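Asker: For reference, the structure I am asking about is given below.
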There are 2 protein chains.
Amino acid sequence: MKKYNAVPYTAVDIDGGFWAYRQTLNREVTTGAVMRRFQETGRFDAFKMDWKEGMPNKPHYFWDSDVAKWIEGVAYLMKKGSVPEYEQLAEETIDLIERGQGEDGYFNIFFTNIEPENRFVDRSWHELYCAGHLIEAAVAYDEATGRNRFLRMMMKYADYIDKVFRIDQSAPFVTPGHEELELALVKLYKHTSEERYLALAKFFIDQRGANGKDELVDRHAASQRVVQSHMPVREMTTAEGHAVRAGYLYSAMADVARETDDEELLAACKAIFENIILRRMYITGGVGSSRASEVFTVDYDLPNATSYTETCAAISMAYFARRMLTIEADSRYADLVERVLYNGFLSGISLSGDRFFYTNPIAISVRDHGRNVSDPRRGEWLPITQRVEVFSCSCCPPNVTRFVASVGEYLYTADEETLYVHQYMESSAQVGMGEKAVCIEQKTQYPTSGEVKIIVRGAKGKKVGLRIPGWCADFSLNAAYEMEKGYALVKCEADECEFILSMEMKPVLVEANPEVQANAGRVAMMRGPIVYCIEGVDNGERIWDVRIGTDMDAQSEYDDVYKMPVIRARGWRRKAADGSWLYRPAGADEMEEVSLNFIPYYAFANRGETDMQVWTLKK
Amino acid sequence: MKKYNAVPYTAVDIDGGFWAYRQTLNREVTTGAVMRRFQETGRFDAFKMDWKEGMPNKPHYFWDSDVAKWIEGVAYLMKKGSVPEYEQLAEETIDLIERGQGEDGYFNIFFTNIEPENRFVDRSWHELYCAGHLIEAAVAYDEATGRNRFLRMMMKYADYIDKVFRIDQSAPFVTPGHEELELALVKLYKHTSEERYLALAKFFIDQRGANGKDELVDRHAASQRVVQSHMPVREMTTAEGHAVRAGYLYSAMADVARETDDEELLAACKAIFENIILRRMYITGGVGSSRASEVFTVDYDLPNATSYTETCAAISMAYFARRMLTIEADSRYADLVERVLYNGFLSGISLSGDRFFYTNPIAISVRDHGRNVSDPRRGEWLPITQRVEVFSCSCCPPNVTRFVASVGEYLYTADEETLYVHQYMESSAQVGMGEKAVCIEQKTQYPTSGEVKIIVRGAKGKKVGLRIPGWCADFSLNAAYEMEKGYALVKCEADECEFILSMEMKPVLVEANPEVQANAGRVAMMRGPIVYCIEGVDNGERIWDVRIGTDMDAQSEYDDVYKMPVIRARGWRRKAADGSWLYRPAGADEMEEVSLNFIPYYAFANRGETDMQVWTLKK
């Protein structure tokens with residue numbers, strides 16, 4: 001099996017442009033905002049495990065994971081600079097974890113403090129999911145600080161889980177109800193080189209949907225499909241069930257396939273990936289079409305107003321794609337990472353950095369909220385229209401902080417011969433290629449500009465693979481290249497080489513496959529990797545009735561509010577009716593020309609509640 | 001207050017054309033089919049009131065109404081011919097009602113046989129609704145047969161209700177939870193001339209939403225709006241709540257307004273009517289946009305695939321409009337009757353005459369049924385795609401039989417000066433105009449043809465008002481006329497006059513008001529009063545992606561299967577994609593020309609489960 005090394009975030013400095021701005025916002029605003037919300041809601045105090053009936057803020061069984069993700073994000077920040085307030089809280093929390101951990105290694109707030117009798121009883125109670133996040137945090141913390149106390153604690157916990165689940169098989173269920181632990185165990189294995197953690201990850205992967213025991217104890221999941229336990233994983237060819245669970249599972253499957261040279265497992269990963277990007281993914285990279293159980297549904301079922309498209313699910317797609325890039329240099333994986341980064345993930349955070357979407361609607365019609373006054377049930381199916389500071393189920397905010405802080409890890413993979421550039425960001429990095437230590441610098445205002453200057457030092461004789469994005473219709477390069485699976489491969493002829501890639505960056509109208517019923521007759525505006533939307537606040541009422549066509553004469557202009565260009569284009573709409581008719585002969589359309597204002601999709605809902613759509617009627 | 005006399009069905013013979021065919025089908029197939037389903041499900045036997053725990057077919061609290069409507073329909077048939085099998089069953093059932101009626105006059109299967117302790121306890125248990133249908137049936141039966149036994153029984157019941165609700169006010173609630181009794185009482189009043197029944201109807205109308213007591217005992221309704229009790233009826237300006245309840249209430253309001261010269265009540269009726277036809281009605285005349293409580297929602301909320309549009313609700317709109325025509329000669333009322341008759345009502349019956357829709361979807365995407373495999377809840381929101389023989393809630397089938405059998409009552413109203421022709425059907429009728437007995441004959445193949453020959457005898461010096469339908473862009477008439485509120489008024493200059501009205505009948509594309517989000521960018525095909533649809537079985541996959549424009553070159557041709565023209569028109573669609581892409585630049589549409597087959601909407605879903613849509617993308 002072909003393998004590429006992932007270049008870790010630790011080796012990459014993003015030192016300018018859009019993502020440097022975003023990382024600063026994450027450090028200075030988002031991480032602190034999440035911290036304070038978690039403090040206010042008792043999530044940190046919960047680690048004291050002294051909650052008693054009658055006290056406020058009863059711990060929930062997934063709170064461990066919320067805080068673990070936050071600590072993981074803090075570790076990434078600590079590696080790149082000083083964040084003393086966060087560091088102190090992280091250390092205090094690790095103290096509490098140390099104090100609260102059982103002799104046997106077990107750690108879980110809820111099942112120690114609240115329901116100790118229910119330890120490892122119910123597959124769906126997120127216990128192993130929490131364990132996974134604690135392990136990921138511990139690995140990141142050790143990597144960032146060199147202080148291995150937390151890591152040792154979590155190794156002990158992992159060993160306990162190994163004993164209960166793999167060796168003794170003494171729990172009433174076999175595999176996690178919410179995947180996450182599997183990929184964490186591979187991280188732990190790679191960080192510690194302890195094979196037993198890989199073996200445990202592989203055990204969970206192998207047993208999934210194949211053990212005949214899980215379904216007997218799974219009380220909450222509507223079906224085994226929701227938790228990807230409807231069949232053995234190697235037989236899977238489609239993305240199914242709860243989208244976050246799915247993305248974490250597929251990530252772990254890719255990990256295990258790579259680490260164990262499991263071609264069958266890799267084939268399943270590839271089939272699932274294709275199913276996602278060709279049939280089950282919103283244009284934003286969001287996944288999970290249904291609020292019901294937050295699931296993937298069926299091919300081409302991509303409703304816009306009721307899309308679920310959880311922020312965490314988008315992140316999980318980036319996780320999956322990044323792991324696939326360590327097995328295969330195929331630009332489709334990096335394309336998905338980019339699609340997620342700039343759209344379906346980024347929409348999860350407000351421009352101010354302190355508010356979040358759990359679900360990311362692809363269309364909002366404000367009037368739909370509050371319809372059906374006689375029955376409140378229908379409204380439940382619509383995502384909220386405004387980002388909020390905290391959720392009772394707050395998985396997304398700390399997933400945002402750790403993702404942004406570690407975004408450097410999405411830029412490169414390499415083997416001895418080739419250094420692949422997957423994402424374009426102003427940055428510098430150190431990459432090991434066999435014996436060689438290669439420096440690579442990117443100078444760019446991408447994606448505001450389509451021009452990227454890449455300076456490579458110390459790679460004489462090596463190749464560099466520059467991703468030509470799937471959205472890019474035209475590009476030029478100042479060197480001879482060969483195309484291979486979406487990468488322009490250039491050769492470093494000298495110790496220092498400079499490559500200049502120019503990608504055409506003009507607004508383009510995109511159509512969806514005719515099988516996508518929701519988008520029939522509609523087009524979306526894109527410019528480079530950025531999906532655009534129109535909002536009512538800029539474009540007036542009835543944006544659903546607006547038309548745009550090939551004569552749109554689109555002009556883009558950088559806007560400092562969004563740190564990205566906005567687009568102005570010519571459109572048309574039917575003249576407002578006076579209410580004197582409901583149906584009439586269509587005859588000549590009474591259309592009026594309008595000027596349409598498109599903003600990046602990720603920036604929608606930052607100016608109060610207003611209509612929004614990505615897909616506009618095609619003239 | 002201006003008043004017109006309704007010409008009853010008894011005075012009208014429909015002796016050819018579409019409705020004669022439909023009436024024959026109703027007599028020979030539908031009425032018998034409903035009878036047998038009701039027999040099989042124990043609805044007739046329930047009148048024996050001998051059901052005991054452990055027996056099959058436990059009576060439901062609205063079964064009285066199902067059978068009552070069937071008997072009412074049979075009465076209409078008996079007036080026009082011999083139906084011995086139905087008549088015998090009707091008589092037997094009336095025997096059982098006589099046997100089962102209480103000394104005090106009370107009659108209800110469920111609250112006599114099953115829960116006698118709960119008589120008049122719960123407003124939402126359809127007890128007074130059942131009473132209303134029994135009264136309507138009794139009036140119709142007496143009118144048709146001259147046998148007044150059933151009528152006398154129901155007068156006794158009405159007197160008992162009058163005592164409990166109006167005189168003693170001894171029940172814990174004041175007005176019916178499901179309206180129907182109100183309009184039945186007006187019928188009873190008009191048939192018997194007993195003022196107390198009108199007084200009771202008026203009492204219920206006056207008390208509705210104004211008594212402060214009903215809401216305290218209304219256990220099931222999600223809100224008072226569902227049962228039109230959110231405000232006093234005279235303050236209402238919009239159609240609200242459960243659509244069938246609403247239609248029956250508005251009918252009774254119009255009745256009471258007319259009979260008591262209540263201008264304020266009439267103003268409310270007019271406001272509500274306008275709200276319906278200008279804001280809350282599907283193009284088919286169907287109403288009730290939401291499955292949740294089967295309600296009207298808000299202005300312009302007319303989703304197609306999840307439309308509720310119950311057959312009974314469509315019928316109730318015809319009831320309301322017909323009553324308004326007895327107060328005001330305005331063609332918009334007759335337009336609504338026609339829209340309902342040929343579309344949103346007629347779709348409720350199969351072409352075979354023995355299967356029914358309770359809900360009438362405006363669009364079907366078969367693939368939506370069975371989506372969200374992980375969670376069955378979402379599917380509940382979609383109407384069924386195929387008509388069935390019987391429902392557990394079987395209000396619609398016997399509403400169909402009585403409606404079709406009495407369709408003659410929608411043709412005419414008259415006062416001393418003017419005979420208004422509201423509906424065009426091959427028929428002959430006797431109409432009293434003051435002292436004069438006028439004969440009116442219609443010779444027409446309407447709406448297959450737009451030509452109607454009307455022969456009027458004995459009306460010299462009187463006027464005839466010929467409705468020029470709202471859909472009609474062009475017409476000619478062989479006599480001088482004046483237009484008044486949608487009627488071409490012609491004068492009868494001789495004892496026998498012949499008027500020939502020719503209405504242009506070409507296929508037309510219709511648009512919805514821009515406020516209707518669901519139909520943005522889409523048009524519907526109509527020809528005369530008939531709304532057309534396309535089905536997958538004729539038009540292949542992905543009908544949602546089909547386009548049609550002004551160059552459609554539509555050709556209509558009579559089809560004996562539908563007893564109506566079908567339409568063939570030029571359309572376009574994007575070429576099928578090969579699955580290798582999900583999103584791509586829209587550039588030049590790869591459109592291919594297709595020939596589209598439109599059939600009358602009422603005839604959809606008669607050839608197996610297939611996609612259907614009324615609203616097609618506009619090219």
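Simple scheme: letters A, B, ... for chains in structure tokens order, numbers from 1 for residues in each chain, numbers from 1 for ligands in the order shown.
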Pull out every residue of chain B sitting within 6 Å of chain A, counting only C-alpha atoms, and send them as a list in words.
Answerer: Ser223, Val226, Leu278, Ala292, Thr297, Asn372, Ser374, Asp375, Leu509, Val510, Glu511, Ala512, Asn513, Ala520, Asp545, Trp581, Leu582, Tyr583, Arg584, Pro585 and Ala586 of chain B
Asker: For those residues, write C-alpha atoms to a file as a CSV table (one decimal), in the first residue's frame.
Answerer:
```csv
chain,number,residue,atom,x,y,z
B,223,SER,CA,-54.8,25.3,20.1
B,226,VAL,CA,-57.3,24.7,15.2
B,278,LEU,CA,-56.1,35.1,-2.7
B,292,ALA,CA,-50.1,19.0,11.5
B,297,THR,CA,-51.3,27.9,8.0
B,372,ASN,CA,-34.6,8.7,5.9
B,374,SER,CA,-33.0,5.7,9.8
B,375,ASP,CA,-36.1,7.5,11.0
B,509,LEU,CA,-49.4,28.2,-18.4
B,510,VAL,CA,-50.3,29.7,-15.1
B,511,GLU,CA,-48.0,31.3,-12.6
B,512,ALA,CA,-48.5,31.7,-8.8
B,513,ASN,CA,-48.1,35.0,-7.0
B,520,ALA,CA,-41.1,30.2,-7.7
B,545,ASP,CA,-36.2,19.0,-13.8
B,581,TRP,CA,-20.3,14.7,-10.9
B,582,LEU,CA,-22.4,16.2,-8.3
B,583,TYR,CA,-21.7,19.9,-8.9
B,584,ARG,CA,-20.2,21.6,-12.0
B,585,PRO,CA,-20.1,24.9,-13.8
B,586,ALA,CA,-23.6,25.5,-15.2
```
Asker: Can you tell me which residues surround range 58-64 of chain A at a distance of at most 9 Å, considering only C-alpha atoms, apart from same-chain residues fewer than 4 positions away, and format the answer as a PyMOL selection string?
Answerer: chain A and resi 42-44+46-47+49+51-54+68-69+108-111+113-114+125-127+129-131+133-134+393-395
Asker: Just how far from CA of Lys187 in chain B is CA of Phe204 in chain B, in Å to one decimal?
Answerer: 14.7 Å
Asker: Run DSSP on the backbone and tell me which residues of range 202-259 of chain B come out as helix (DSSP H, G or I); list them as a PyMOL selection string.
Answerer: chain B and resi 202-207+214-217+233-235+243-259
Asker: Write the residues you've just listed into a file as a short mmCIF file (atom, residue, chain, number, x, y, z; two decimals), in the first residue's frame, and include N, CA and C atoms for each of them.
Answerer:
```cif
data_model
loop_
_atom_site.label_atom_id
_atom_site.label_comp_id
_atom_site.auth_asym_id
_atom_site.auth_seq_id
_atom_site.Cartn_x
_atom_site.Cartn_y
_atom_site.Cartn_z
N LYS B 202 -77.50 29.83 15.27
CA LYS B 202 -76.99 31.17 15.57
C LYS B 202 -76.33 31.21 16.94
N PHE B 203 -76.91 30.51 17.89
CA PHE B 203 -76.31 30.44 19.23
C PHE B 203 -74.88 29.87 19.15
N PHE B 204 -74.74 28.77 18.43
CA PHE B 204 -73.40 28.16 18.32
C PHE B 204 -72.42 29.11 17.61
N ILE B 205 -72.91 29.78 16.59
CA ILE B 205 -72.06 30.72 15.85
C ILE B 205 -71.66 31.89 16.76
N ASP B 206 -72.63 32.41 17.45
CA ASP B 206 -72.36 33.57 18.33
C ASP B 206 -71.41 33.21 19.47
N GLN B 207 -71.57 32.03 19.99
CA GLN B 207 -70.78 31.64 21.17
C GLN B 207 -69.35 31.24 20.81
N ASP B 214 -65.18 26.91 26.50
CA ASP B 214 -64.77 25.81 25.64
C ASP B 214 -63.31 25.44 25.82
N GLU B 215 -62.45 26.44 25.94
CA GLU B 215 -61.03 26.13 25.96
C GLU B 215 -60.64 25.32 27.19
N LEU B 216 -61.44 25.40 28.23
CA LEU B 216 -61.12 24.69 29.46
C LEU B 216 -61.33 23.18 29.33
N VAL B 217 -62.19 22.77 28.42
CA VAL B 217 -62.49 21.34 28.31
C VAL B 217 -61.94 20.73 27.03
N VAL B 233 -66.37 34.85 15.91
CA VAL B 233 -66.37 34.66 14.46
C VAL B 233 -66.51 35.97 13.69
N ARG B 234 -67.18 36.92 14.24
CA ARG B 234 -67.37 38.17 13.51
C ARG B 234 -66.08 38.98 13.39
N GLU B 235 -65.10 38.62 14.20
CA GLU B 235 -63.80 39.31 14.12
C GLU B 235 -62.83 38.63 13.15
N ALA B 243 -58.96 22.57 8.30
CA ALA B 243 -59.60 23.12 7.10
C ALA B 243 -61.04 22.64 6.91
N VAL B 244 -61.34 21.41 7.26
CA VAL B 244 -62.71 20.92 7.10
C VAL B 244 -63.63 21.61 8.11
N ARG B 245 -63.16 21.63 9.36
CA ARG B 245 -63.92 22.36 10.37
C ARG B 245 -64.18 23.79 9.90
N ALA B 246 -63.13 24.41 9.38
CA ALA B 246 -63.23 25.81 8.94
C ALA B 246 -64.28 25.95 7.85
N GLY B 247 -64.21 25.09 6.84
CA GLY B 247 -65.14 25.19 5.71
C GLY B 247 -66.58 25.01 6.16
N TYR B 248 -66.80 24.09 7.08
CA TYR B 248 -68.16 23.86 7.59
C TYR B 248 -68.62 25.07 8.42
N LEU B 249 -67.71 25.61 9.20
CA LEU B 249 -68.06 26.79 9.98
C LEU B 249 -68.42 27.96 9.07
N TYR B 250 -67.57 28.23 8.08
CA TYR B 250 -67.82 29.38 7.22
C TYR B 250 -69.13 29.20 6.45
N SER B 251 -69.44 27.95 6.10
CA SER B 251 -70.72 27.67 5.43
C SER B 251 -71.88 28.04 6.35
N ALA B 252 -71.76 27.63 7.59
CA ALA B 252 -72.84 27.93 8.55
C ALA B 252 -72.91 29.43 8.83
N MET B 253 -71.74 30.07 8.87
CA MET B 253 -71.74 31.53 9.07
C MET B 253 -72.48 32.22 7.94
N ALA B 254 -72.23 31.76 6.71
CA ALA B 254 -72.92 32.35 5.56
C ALA B 254 -74.42 32.09 5.65
N ASP B 255 -74.76 30.88 6.03
CA ASP B 255 -76.17 30.53 6.21
C ASP B 255 -76.86 31.44 7.23
N VAL B 256 -76.25 31.55 8.38
CA VAL B 256 -76.85 32.34 9.46
C VAL B 256 -76.88 33.82 9.07
N ALA B 257 -75.82 34.28 8.44
CA ALA B 257 -75.80 35.68 7.99
C ALA B 257 -77.00 35.95 7.09
N ARG B 258 -77.21 35.03 6.14
CA ARG B 258 -78.32 35.22 5.20
C ARG B 258 -79.66 35.14 5.90
N GLU B 259 -79.84 34.14 6.71
CA GLU B 259 -81.17 33.92 7.31
C GLU B 259 -81.50 34.96 8.37
#
```
Asker: Pick out the residues sitting within 7 Å of Val186 in chain B, and hand them over as a ChimeraX atom specification; count only C-alpha atoms, and ignore anything fewer than 2 positions along from it in its own chain.
Answerer: /B:182-184,188-190,197-198,201,255
Asker: Put those residues in a file: N, CA, C and O atoms, as a PDB file, in the first residue's frame.
Answerer:
```pdb
ATOM      1  N   GLU B 182     -73.912  23.129  12.931  1.00  0.00           N
ATOM      2  CA  GLU B 182     -74.450  24.469  12.681  1.00  0.00           C
ATOM      3  C   GLU B 182     -75.132  24.543  11.320  1.00  0.00           C
ATOM      4  O   GLU B 182     -76.274  25.007  11.190  1.00  0.00           O
ATOM      5  N   LEU B 183     -74.422  24.061  10.293  1.00  0.00           N
ATOM      6  CA  LEU B 183     -75.018  24.134   8.952  1.00  0.00           C
ATOM      7  C   LEU B 183     -76.184  23.159   8.830  1.00  0.00           C
ATOM      8  O   LEU B 183     -77.163  23.409   8.114  1.00  0.00           O
ATOM      9  N   ALA B 184     -76.091  22.036   9.550  1.00  0.00           N
ATOM     10  CA  ALA B 184     -77.186  21.058   9.519  1.00  0.00           C
ATOM     11  C   ALA B 184     -78.444  21.647  10.140  1.00  0.00           C
ATOM     12  O   ALA B 184     -79.556  21.417   9.651  1.00  0.00           O
ATOM     13  N   LEU B 188     -82.096  22.076   8.628  1.00  0.00           N
ATOM     14  CA  LEU B 188     -83.284  21.573   9.329  1.00  0.00           C
ATOM     15  C   LEU B 188     -84.322  22.687   9.470  1.00  0.00           C
ATOM     16  O   LEU B 188     -85.517  22.470   9.259  1.00  0.00           O
ATOM     17  N   TYR B 189     -83.827  23.862   9.781  1.00  0.00           N
ATOM     18  CA  TYR B 189     -84.719  25.022   9.884  1.00  0.00           C
ATOM     19  C   TYR B 189     -85.399  25.306   8.550  1.00  0.00           C
ATOM     20  O   TYR B 189     -86.627  25.495   8.477  1.00  0.00           O
ATOM     21  N   LYS B 190     -84.624  25.296   7.489  1.00  0.00           N
ATOM     22  CA  LYS B 190     -85.200  25.639   6.189  1.00  0.00           C
ATOM     23  C   LYS B 190     -86.176  24.561   5.722  1.00  0.00           C
ATOM     24  O   LYS B 190     -87.143  24.849   5.030  1.00  0.00           O
ATOM     25  N   TYR B 197     -84.405  25.936  15.361  1.00  0.00           N
ATOM     26  CA  TYR B 197     -83.162  25.330  14.846  1.00  0.00           C
ATOM     27  C   TYR B 197     -82.219  26.414  14.330  1.00  0.00           C
ATOM     28  O   TYR B 197     -81.009  26.334  14.502  1.00  0.00           O
ATOM     29  N   LEU B 198     -82.795  27.415  13.699  1.00  0.00           N
ATOM     30  CA  LEU B 198     -81.957  28.547  13.286  1.00  0.00           C
ATOM     31  C   LEU B 198     -81.383  29.255  14.513  1.00  0.00           C
ATOM     32  O   LEU B 198     -80.214  29.642  14.538  1.00  0.00           O
ATOM     33  N   ALA B 201     -78.485  27.280  15.748  1.00  0.00           N
ATOM     34  CA  ALA B 201     -77.318  27.472  14.870  1.00  0.00           C
ATOM     35  C   ALA B 201     -76.677  28.825  15.171  1.00  0.00           C
ATOM     36  O   ALA B 201     -75.458  28.935  15.318  1.00  0.00           O
ATOM     37  N   ASP B 255     -74.761  30.881   6.035  1.00  0.00           N
ATOM     38  CA  ASP B 255     -76.174  30.527   6.214  1.00  0.00           C
ATOM     39  C   ASP B 255     -76.857  31.440   7.229  1.00  0.00           C
ATOM     40  O   ASP B 255     -77.933  32.000   6.970  1.00  0.00           O
TER      41      ASP B 255
END
```
Asker: Neighbouring residues of range 450-458 of chain B were defined as those with any atom within 9 Å, considering only C-alpha atoms; residues of the same chain fewer than 2 positions away were excluded. Please report them as an NGL selection string.
Answerer: :B and (424-426 or 436-448 or 460 or 464 or 475 or 492 or 494-505 or 528)
Asker: Go ahead and save the residues from that selection, with N, CA and C atoms, as a compact mmCIF listing (two decimals), in the first residue's frame.
Answerer:
```
# COMPACT_ATOMS: atom_id res chain seq x y z
N TYR B 424 -71.49 25.07 -15.92
CA TYR B 424 -71.94 24.62 -17.23
C TYR B 424 -71.87 23.11 -17.32
N MET B 425 -73.05 22.50 -17.44
CA MET B 425 -73.14 21.05 -17.59
C MET B 425 -74.36 20.75 -18.46
N GLU B 426 -74.25 19.75 -19.27
CA GLU B 426 -75.39 19.27 -20.04
C GLU B 426 -76.50 18.91 -19.04
N LYS B 436 -93.03 32.92 -11.75
CA LYS B 436 -92.78 32.20 -13.01
C LYS B 436 -92.04 30.89 -12.80
N ALA B 437 -92.44 29.89 -13.57
CA ALA B 437 -91.71 28.62 -13.60
C ALA B 437 -90.89 28.62 -14.89
N VAL B 438 -89.60 28.71 -14.71
CA VAL B 438 -88.71 28.84 -15.86
C VAL B 438 -88.01 27.52 -16.10
N CYS B 439 -87.91 27.15 -17.37
CA CYS B 439 -87.12 25.97 -17.74
C CYS B 439 -85.80 26.42 -18.31
N ILE B 440 -84.74 25.77 -17.92
CA ILE B 440 -83.45 26.10 -18.51
C ILE B 440 -82.74 24.82 -18.90
N GLU B 441 -82.29 24.80 -20.12
CA GLU B 441 -81.57 23.63 -20.63
C GLU B 441 -80.17 24.05 -21.02
N GLN B 442 -79.21 23.20 -20.75
CA GLN B 442 -77.85 23.45 -21.24
C GLN B 442 -77.46 22.32 -22.18
N LYS B 443 -76.97 22.70 -23.33
CA LYS B 443 -76.43 21.72 -24.28
C LYS B 443 -74.94 22.02 -24.43
N THR B 444 -74.12 21.11 -23.97
CA THR B 444 -72.69 21.42 -24.01
C THR B 444 -71.84 20.18 -23.77
N GLN B 445 -70.64 20.21 -24.28
CA GLN B 445 -69.66 19.20 -23.92
C GLN B 445 -68.60 19.80 -23.00
N TYR B 446 -68.98 20.89 -22.37
CA TYR B 446 -68.08 21.56 -21.44
C TYR B 446 -67.57 20.61 -20.38
N PRO B 447 -66.31 20.67 -19.94
CA PRO B 447 -65.28 21.61 -20.40
C PRO B 447 -64.38 21.05 -21.51
N THR B 448 -64.76 19.91 -22.09
CA THR B 448 -64.01 19.47 -23.27
C THR B 448 -64.13 20.53 -24.36
N LYS B 460 -89.49 35.31 -20.24
CA LYS B 460 -89.57 36.57 -20.98
C LYS B 460 -89.55 37.76 -20.02
N VAL B 464 -80.74 36.59 -17.60
CA VAL B 464 -79.94 35.40 -17.29
C VAL B 464 -78.50 35.88 -17.14
N PHE B 475 -64.12 35.29 -24.79
CA PHE B 475 -65.38 34.56 -25.02
C PHE B 475 -66.24 35.36 -25.98
N CYS B 492 -83.89 37.98 -21.60
CA CYS B 492 -84.76 37.08 -22.36
C CYS B 492 -85.84 37.93 -23.03
N ALA B 494 -87.82 36.85 -25.41
CA ALA B 494 -88.95 36.05 -25.89
C ALA B 494 -89.24 34.94 -24.90
N ASP B 495 -90.29 34.21 -25.14
CA ASP B 495 -90.63 33.11 -24.24
C ASP B 495 -89.58 32.01 -24.27
N GLU B 496 -89.00 31.85 -25.46
CA GLU B 496 -87.89 30.89 -25.55
C GLU B 496 -86.69 31.61 -26.14
N CYS B 497 -85.63 31.55 -25.40
CA CYS B 497 -84.40 32.20 -25.86
C CYS B 497 -83.30 31.17 -25.93
N GLU B 498 -82.41 31.40 -26.87
CA GLU B 498 -81.26 30.50 -26.96
C GLU B 498 -80.00 31.36 -26.92
N PHE B 499 -79.18 31.10 -25.94
CA PHE B 499 -77.91 31.83 -25.83
C PHE B 499 -76.76 30.87 -26.11
N ILE B 500 -75.84 31.35 -26.90
CA ILE B 500 -74.66 30.51 -27.17
C ILE B 500 -73.43 31.25 -26.67
N LEU B 501 -72.83 30.63 -25.69
CA LEU B 501 -71.62 31.19 -25.09
C LEU B 501 -70.44 30.35 -25.56
N SER B 502 -69.44 31.03 -26.11
CA SER B 502 -68.23 30.32 -26.55
C SER B 502 -67.04 30.83 -25.77
N MET B 503 -66.45 29.95 -24.99
CA MET B 503 -65.28 30.34 -24.20
C MET B 503 -64.03 29.75 -24.82
N GLU B 504 -63.03 30.58 -24.94
CA GLU B 504 -61.77 30.08 -25.49
C GLU B 504 -61.21 29.01 -24.55
N MET B 505 -60.79 27.93 -25.14
CA MET B 505 -60.36 26.76 -24.37
C MET B 505 -59.01 26.31 -24.86
N GLY B 528 -59.09 25.62 -19.59
CA GLY B 528 -60.38 25.89 -18.96
C GLY B 528 -60.23 25.74 -17.46
```
Asker: Within 10 Å of Gly432 in chain B, counting only C-alpha atoms, which residues show up once you throw out same-chain ones fewer than 6 positions away? Write them as a ChimeraX atom specification, please.
Answerer: /B:5,7,11,413-416,419,438-439,459
Asker: Using N, CA and C atoms, can you export the residues from the last selection as a JSON list (two decimals), in the first residue's frame?
Answerer:
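Saved as out05.json:
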```
[["chain", "number", "residue", "atom", "x", "y", "z"],
["B", 5, "ASN", "N", -82.21, 32.63, -4.33],
["B", 5, "ASN", "CA", -82.61, 31.27, -3.99],
["B", 5, "ASN", "C", -81.66, 30.28, -4.65],
["B", 7, "VAL", "N", -81.10, 26.89, -6.35],
["B", 7, "VAL", "CA", -81.93, 25.91, -7.04],
["B", 7, "VAL", "C", -81.46, 24.53, -6.59],
["B", 11, "ALA", "N", -84.32, 19.85, -8.61],
["B", 11, "ALA", "CA", -84.90, 20.54, -9.76],
["B", 11, "ALA", "C", -84.00, 20.46, -11.00],
["B", 413, "THR", "N", -78.53, 29.88, -9.16],
["B", 413, "THR", "CA", -79.30, 30.61, -8.15],
["B", 413, "THR", "C", -80.18, 31.59, -8.92],
["B", 414, "ALA", "N", -81.17, 32.06, -8.23],
["B", 414, "ALA", "CA", -82.08, 32.99, -8.92],
["B", 414, "ALA", "C", -82.78, 33.89, -7.92],
["B", 415, "ASP", "N", -83.11, 35.07, -8.38],
["B", 415, "ASP", "CA", -84.12, 35.85, -7.66],
["B", 415, "ASP", "C", -85.22, 36.14, -8.67],
["B", 416, "GLU", "N", -86.06, 37.10, -8.38],
["B", 416, "GLU", "CA", -87.20, 37.31, -9.30],
["B", 416, "GLU", "C", -86.75, 37.79, -10.66],
["B", 419, "LEU", "N", -81.74, 34.88, -13.40],
["B", 419, "LEU", "CA", -81.34, 33.49, -13.19],
["B", 419, "LEU", "C", -79.84, 33.41, -13.48],
["B", 438, "VAL", "N", -89.60, 28.71, -14.71],
["B", 438, "VAL", "CA", -88.71, 28.84, -15.86],
["B", 438, "VAL", "C", -88.01, 27.52, -16.10],
["B", 439, "CYS", "N", -87.91, 27.15, -17.37],
["B", 439, "CYS", "CA", -87.12, 25.97, -17.74],
["B", 439, "CYS", "C", -85.80, 26.42, -18.31],
["B", 459, "ALA", "N", -89.18, 32.73, -19.51],
["B", 459, "ALA", "CA", -88.51, 33.76, -18.72],
["B", 459, "ALA", "C", -88.54, 35.12, -19.41]]
```
